[in-house]
Amino acid sequence: MPKMKTHKGAAKRFTLTGTGKMVRSAGRRGHFRRRMSLRILQHLDRTFEVHKTVQRRLRRALPYIAKHSR
């Protein structure tokens with residue numbers, strides 16, 4: 001049986017916490033940040049939990065990262 005391949009784009013964007021939650025960082029951080037208020041920028045520094053409907057697709061895209069949370 002061949003090895004499963006990790007989707008490298010997803011591996012760079014999503015991480016798994018110690019409790020098994022999949023988290024992502026916020027978007028809108030690339031450019032035009034001068035215009036944003038400091039409060040908005042601080043809010044974008046947080047990590048957010050991935051929605052449960054997306055997690056199934058991510059677990060398929062990240063087979064070796066997501067294996068430990070099952």
# chains A, B, ... in the order shown; residues from 1 in each chain; ligands from 1
>>> residues_around(residues="Met22 of chain A", least_positions_apart="3", cutoff="7 Å", atoms="only C-alpha atoms", output="ChimeraX atom specification")
/A:14-17,49-50
>>> residues_around(residues="Gln42 of chain A", least_positions_apart="4", cutoff="12 Å", atoms="only C-alpha atoms", output="list in words")
Ala26, Arg29, Arg33, Met36, Ser37, Leu38, Arg46 and Thr47 of chain A
>>> residues_around(residues="Arg59 of chain A", least_positions_apart="4", cutoff="12 Å", atoms="only C-alpha atoms", output="compact mmCIF listing (two decimals) with N, CA and C atoms, in the first residue's frame")
# COMPACT_ATOMS: atom_id res chain seq x y z
N MET A 4 0.30 7.74 2.14
CA MET A 4 -0.58 8.86 1.88
C MET A 4 0.25 10.13 1.87
N LYS A 5 -0.17 11.09 1.07
CA LYS A 5 0.60 12.31 0.95
C LYS A 5 -0.06 13.43 1.74
N THR A 6 0.75 14.20 2.43
CA THR A 6 0.28 15.36 3.18
C THR A 6 0.14 16.53 2.22
N HIS A 7 -0.97 17.24 2.30
CA HIS A 7 -1.16 18.45 1.50
C HIS A 7 -0.35 19.57 2.16
N ALA A 10 -1.96 22.94 3.19
CA ALA A 10 -2.77 22.85 4.41
C ALA A 10 -1.89 22.67 5.64
N ALA A 11 -0.78 21.95 5.49
CA ALA A 11 0.10 21.71 6.63
C ALA A 11 0.72 23.01 7.14
N PHE A 14 -2.59 25.09 9.01
CA PHE A 14 -3.37 24.55 10.12
C PHE A 14 -2.47 23.77 11.06
N THR A 15 -2.75 23.87 12.35
CA THR A 15 -1.99 23.11 13.34
C THR A 15 -2.96 22.40 14.26
N LEU A 16 -2.43 21.44 14.96
CA LEU A 16 -3.23 20.65 15.88
C LEU A 16 -2.79 21.00 17.30
N GLY A 20 -6.29 18.19 20.63
CA GLY A 20 -6.85 17.62 19.41
C GLY A 20 -7.66 18.58 18.57
N LYS A 21 -7.70 19.85 18.93
CA LYS A 21 -8.43 20.82 18.12
C LYS A 21 -7.57 21.27 16.96
N MET A 22 -8.20 21.51 15.82
CA MET A 22 -7.50 22.07 14.68
C MET A 22 -7.69 23.57 14.72
N VAL A 50 -10.92 25.64 13.78
CA VAL A 50 -11.47 25.35 12.47
C VAL A 50 -12.90 24.83 12.66
N LYS A 52 -16.25 22.73 12.37
CA LYS A 52 -16.33 21.26 12.38
C LYS A 52 -16.65 20.68 11.00
N THR A 53 -17.30 21.44 10.12
CA THR A 53 -17.60 20.92 8.80
C THR A 53 -16.37 20.88 7.90
N VAL A 54 -15.35 21.64 8.22
CA VAL A 54 -14.12 21.67 7.43
C VAL A 54 -13.12 20.65 7.95
N GLN A 55 -13.26 20.26 9.20
CA GLN A 55 -12.27 19.39 9.83
C GLN A 55 -12.16 18.03 9.15
N PRO A 63 -3.01 13.55 6.79
CA PRO A 63 -3.21 12.25 7.41
C PRO A 63 -2.30 11.97 8.61
N TYR A 64 -1.06 12.45 8.57
CA TYR A 64 -0.13 12.11 9.65
C TYR A 64 -0.17 13.12 10.78
N ILE A 65 -0.62 14.32 10.49
CA ILE A 65 -0.76 15.32 11.54
C ILE A 65 -2.03 15.05 12.35
N ALA A 66 -3.10 14.70 11.64
CA ALA A 66 -4.38 14.53 12.31
C ALA A 66 -4.55 13.15 12.91
N LYS A 67 -3.61 12.25 12.65
CA LYS A 67 -3.75 10.87 13.14
C LYS A 67 -3.72 10.80 14.66
N HIS A 68 -3.00 11.70 15.29
CA HIS A 68 -2.81 11.61 16.73
C HIS A 68 -4.03 12.07 17.51
N SER A 69 -5.01 12.70 16.87
CA SER A 69 -6.14 13.23 17.62
C SER A 69 -7.33 12.28 17.64
N ARG A 70 -7.23 11.15 16.95
CA ARG A 70 -8.39 10.25 16.87
C ARG A 70 -8.50 9.35 18.05
>>> select_by_dssp(residues="segment 11-68 of chain A", states="strand (DSSP E or B)", output="list of chain:residue names")
A:Phe14, A:Thr15, A:Leu16, A:Met22, A:Val23, A:Arg24, A:Ser25, A:Thr47, A:Phe48, A:Glu49
>>> write_last_selection(atoms="N, CA, C and O atoms", output="mmCIF file, in the first residue's frame")
data_model
loop_
_atom_site.group_PDB
_atom_site.id
_atom_site.type_symbol
_atom_site.label_atom_id
_atom_site.label_comp_id
_atom_site.auth_asym_id
_atom_site.auth_seq_id
_atom_site.Cartn_x
_atom_site.Cartn_y
_atom_site.Cartn_z
ATOM 1 N N PHE A 14 -2.590 25.090 9.012
ATOM 2 C CA PHE A 14 -3.374 24.548 10.117
ATOM 3 C C PHE A 14 -2.472 23.769 11.058
ATOM 4 O O PHE A 14 -1.551 23.079 10.620
ATOM 5 N N THR A 15 -2.753 23.870 12.352
ATOM 6 C CA THR A 15 -1.992 23.112 13.342
ATOM 7 C C THR A 15 -2.960 22.399 14.264
ATOM 8 O O THR A 15 -4.139 22.742 14.339
ATOM 9 N N LEU A 16 -2.435 21.437 14.960
ATOM 10 C CA LEU A 16 -3.230 20.649 15.885
ATOM 11 C C LEU A 16 -2.787 20.996 17.299
ATOM 12 O O LEU A 16 -1.590 21.008 17.587
ATOM 13 N N MET A 22 -8.205 21.511 15.820
ATOM 14 C CA MET A 22 -7.504 22.070 14.679
ATOM 15 C C MET A 22 -7.692 23.573 14.719
ATOM 16 O O MET A 22 -8.808 24.060 14.845
ATOM 17 N N VAL A 23 -6.597 24.317 14.637
ATOM 18 C CA VAL A 23 -6.667 25.771 14.707
ATOM 19 C C VAL A 23 -6.029 26.372 13.460
ATOM 20 O O VAL A 23 -5.201 25.759 12.799
ATOM 21 N N ARG A 24 -6.461 27.588 13.156
ATOM 22 C CA ARG A 24 -5.969 28.327 12.011
ATOM 23 C C ARG A 24 -5.684 29.750 12.457
ATOM 24 O O ARG A 24 -6.202 30.197 13.480
ATOM 25 N N SER A 25 -4.856 30.440 11.699
ATOM 26 C CA SER A 25 -4.636 31.846 11.983
ATOM 27 C C SER A 25 -5.606 32.660 11.144
ATOM 28 O O SER A 25 -6.177 32.177 10.169
ATOM 29 N N THR A 47 -5.493 32.761 17.283
ATOM 30 C CA THR A 47 -5.791 31.593 16.461
ATOM 31 C C THR A 47 -7.240 31.220 16.692
ATOM 32 O O THR A 47 -7.788 31.406 17.789
ATOM 33 N N PHE A 48 -7.870 30.696 15.668
ATOM 34 C CA PHE A 48 -9.274 30.355 15.718
ATOM 35 C C PHE A 48 -9.437 28.872 15.455
ATOM 36 O O PHE A 48 -8.689 28.290 14.657
ATOM 37 N N GLU A 49 -10.412 28.276 16.081
ATOM 38 C CA GLU A 49 -10.675 26.863 15.856
ATOM 39 C C GLU A 49 -11.330 26.680 14.496
ATOM 40 O O GLU A 49 -12.189 27.463 14.090
#
>>> atom_distance(atom1="atom CA of Leu44 of chain A", atom2="atom CA of Arg60 of chain A")
26.9 Å
>>> atom_distance(atom1="atom CA of His31 of chain A", atom2="atom CA of Lys12 of chain A")
19.3 Å
>>> atom_distance(atom1="atom CA of Asp45 of chain A", atom2="atom CA of Arg57 of chain A")
24.7 Å
>>> select_by_dssp(residues="chain A", states="alpha helix (DSSP H)", output="mmCIF file with N, CA, C and O atoms, in the first residue's frame")
data_model
loop_
_atom_site.group_PDB
_atom_site.id
_atom_site.type_symbol
_atom_site.label_atom_id
_atom_site.label_comp_id
_atom_site.auth_asym_id
_atom_site.auth_seq_id
_atom_site.Cartn_x
_atom_site.Cartn_y
_atom_site.Cartn_z
ATOM 1 N N LYS A 8 0.733 19.965 1.498
ATOM 2 C CA LYS A 8 1.692 20.875 2.120
ATOM 3 C C LYS A 8 1.116 22.267 2.340
ATOM 4 O O LYS A 8 1.494 22.956 3.289
ATOM 5 N N GLY A 9 0.210 22.710 1.477
ATOM 6 C CA GLY A 9 -0.414 24.013 1.684
ATOM 7 C C GLY A 9 -1.255 24.032 2.941
ATOM 8 O O GLY A 9 -1.245 25.000 3.701
ATOM 9 N N ALA A 10 -1.958 22.944 3.195
ATOM 10 C CA ALA A 10 -2.768 22.852 4.408
ATOM 11 C C ALA A 10 -1.889 22.669 5.640
ATOM 12 O O ALA A 10 -2.195 23.193 6.709
ATOM 13 N N ALA A 11 -0.782 21.952 5.494
ATOM 14 C CA ALA A 11 0.101 21.712 6.629
ATOM 15 C C ALA A 11 0.721 23.008 7.139
ATOM 16 O O ALA A 11 1.014 23.138 8.325
ATOM 17 N N LYS A 12 0.916 23.979 6.239
ATOM 18 C CA LYS A 12 1.498 25.253 6.647
ATOM 19 C C LYS A 12 0.470 26.162 7.304
ATOM 20 O O LYS A 12 0.841 27.094 8.010
ATOM 21 N N ARG A 13 -0.804 25.922 7.056
ATOM 22 C CA ARG A 13 -1.835 26.839 7.519
ATOM 23 C C ARG A 13 -2.580 26.371 8.761
ATOM 24 O O ARG A 13 -3.175 27.179 9.466
ATOM 25 N N LEU A 38 -5.620 49.335 15.689
ATOM 26 C CA LEU A 38 -4.802 48.436 16.494
ATOM 27 C C LEU A 38 -5.651 47.344 17.131
ATOM 28 O O LEU A 38 -5.206 46.206 17.273
ATOM 29 N N ARG A 39 -6.861 47.672 17.471
ATOM 30 C CA ARG A 39 -7.757 46.679 18.065
ATOM 31 C C ARG A 39 -8.039 45.546 17.084
ATOM 32 O O ARG A 39 -8.026 44.371 17.457
ATOM 33 N N ILE A 40 -8.257 45.869 15.826
ATOM 34 C CA ILE A 40 -8.505 44.850 14.813
ATOM 35 C C ILE A 40 -7.249 44.004 14.597
ATOM 36 O O ILE A 40 -7.320 42.780 14.488
ATOM 37 N N LEU A 41 -6.101 44.632 14.546
ATOM 38 C CA LEU A 41 -4.861 43.884 14.337
ATOM 39 C C LEU A 41 -4.570 42.946 15.495
ATOM 40 O O LEU A 41 -4.086 41.831 15.298
ATOM 41 N N GLN A 42 -4.858 43.373 16.701
ATOM 42 C CA GLN A 42 -4.662 42.494 17.847
ATOM 43 C C GLN A 42 -5.631 41.318 17.794
ATOM 44 O O GLN A 42 -5.286 40.196 18.181
ATOM 45 N N HIS A 43 -6.827 41.551 17.304
ATOM 46 C CA HIS A 43 -7.802 40.466 17.172
ATOM 47 C C HIS A 43 -7.325 39.444 16.140
ATOM 48 O O HIS A 43 -7.545 38.241 16.302
ATOM 49 N N LEU A 44 -6.672 39.914 15.084
ATOM 50 C CA LEU A 44 -6.202 39.007 14.037
ATOM 51 C C LEU A 44 -4.981 38.203 14.469
ATOM 52 O O LEU A 44 -4.595 37.259 13.783
ATOM 53 N N LYS A 52 -16.246 22.728 12.368
ATOM 54 C CA LYS A 52 -16.332 21.263 12.375
ATOM 55 C C LYS A 52 -16.646 20.677 11.002
ATOM 56 O O LYS A 52 -16.297 19.545 10.722
ATOM 57 N N THR A 53 -17.299 21.445 10.124
ATOM 58 C CA THR A 53 -17.601 20.923 8.796
ATOM 59 C C THR A 53 -16.371 20.875 7.899
ATOM 60 O O THR A 53 -16.348 20.131 6.923
ATOM 61 N N VAL A 54 -15.354 21.638 8.223
ATOM 62 C CA VAL A 54 -14.120 21.667 7.427
ATOM 63 C C VAL A 54 -13.123 20.652 7.951
ATOM 64 O O VAL A 54 -12.236 20.199 7.212
ATOM 65 N N GLN A 55 -13.260 20.259 9.204
ATOM 66 C CA GLN A 55 -12.265 19.388 9.830
ATOM 67 C C GLN A 55 -12.156 18.034 9.151
ATOM 68 O O GLN A 55 -11.069 17.466 9.072
ATOM 69 N N ARG A 56 -13.243 17.502 8.620
ATOM 70 C CA ARG A 56 -13.178 16.189 7.970
ATOM 71 C C ARG A 56 -12.289 16.241 6.730
ATOM 72 O O ARG A 56 -11.473 15.363 6.490
ATOM 73 N N ARG A 57 -12.424 17.311 5.948
ATOM 74 C CA ARG A 57 -11.578 17.458 4.766
ATOM 75 C C ARG A 57 -10.122 17.678 5.150
ATOM 76 O O ARG A 57 -9.216 17.175 4.494
ATOM 77 N N LEU A 58 -9.895 18.413 6.244
ATOM 78 C CA LEU A 58 -8.521 18.658 6.675
ATOM 79 C C LEU A 58 -7.860 17.394 7.195
ATOM 80 O O LEU A 58 -6.666 17.183 6.993
ATOM 81 N N ARG A 59 -8.608 16.562 7.862
ATOM 82 C CA ARG A 59 -8.024 15.314 8.369
ATOM 83 C C ARG A 59 -7.623 14.394 7.224
ATOM 84 O O ARG A 59 -6.690 13.609 7.344
ATOM 85 N N ARG A 60 -8.318 14.485 6.094
ATOM 86 C CA ARG A 60 -7.909 13.711 4.924
ATOM 87 C C ARG A 60 -6.678 14.330 4.264
ATOM 88 O O ARG A 60 -5.808 13.623 3.770
ATOM 89 N N ALA A 61 -6.603 15.671 4.276
ATOM 90 C CA ALA A 61 -5.469 16.348 3.650
ATOM 91 C C ALA A 61 -4.213 16.245 4.510
ATOM 92 O O ALA A 61 -3.101 16.329 4.000
#
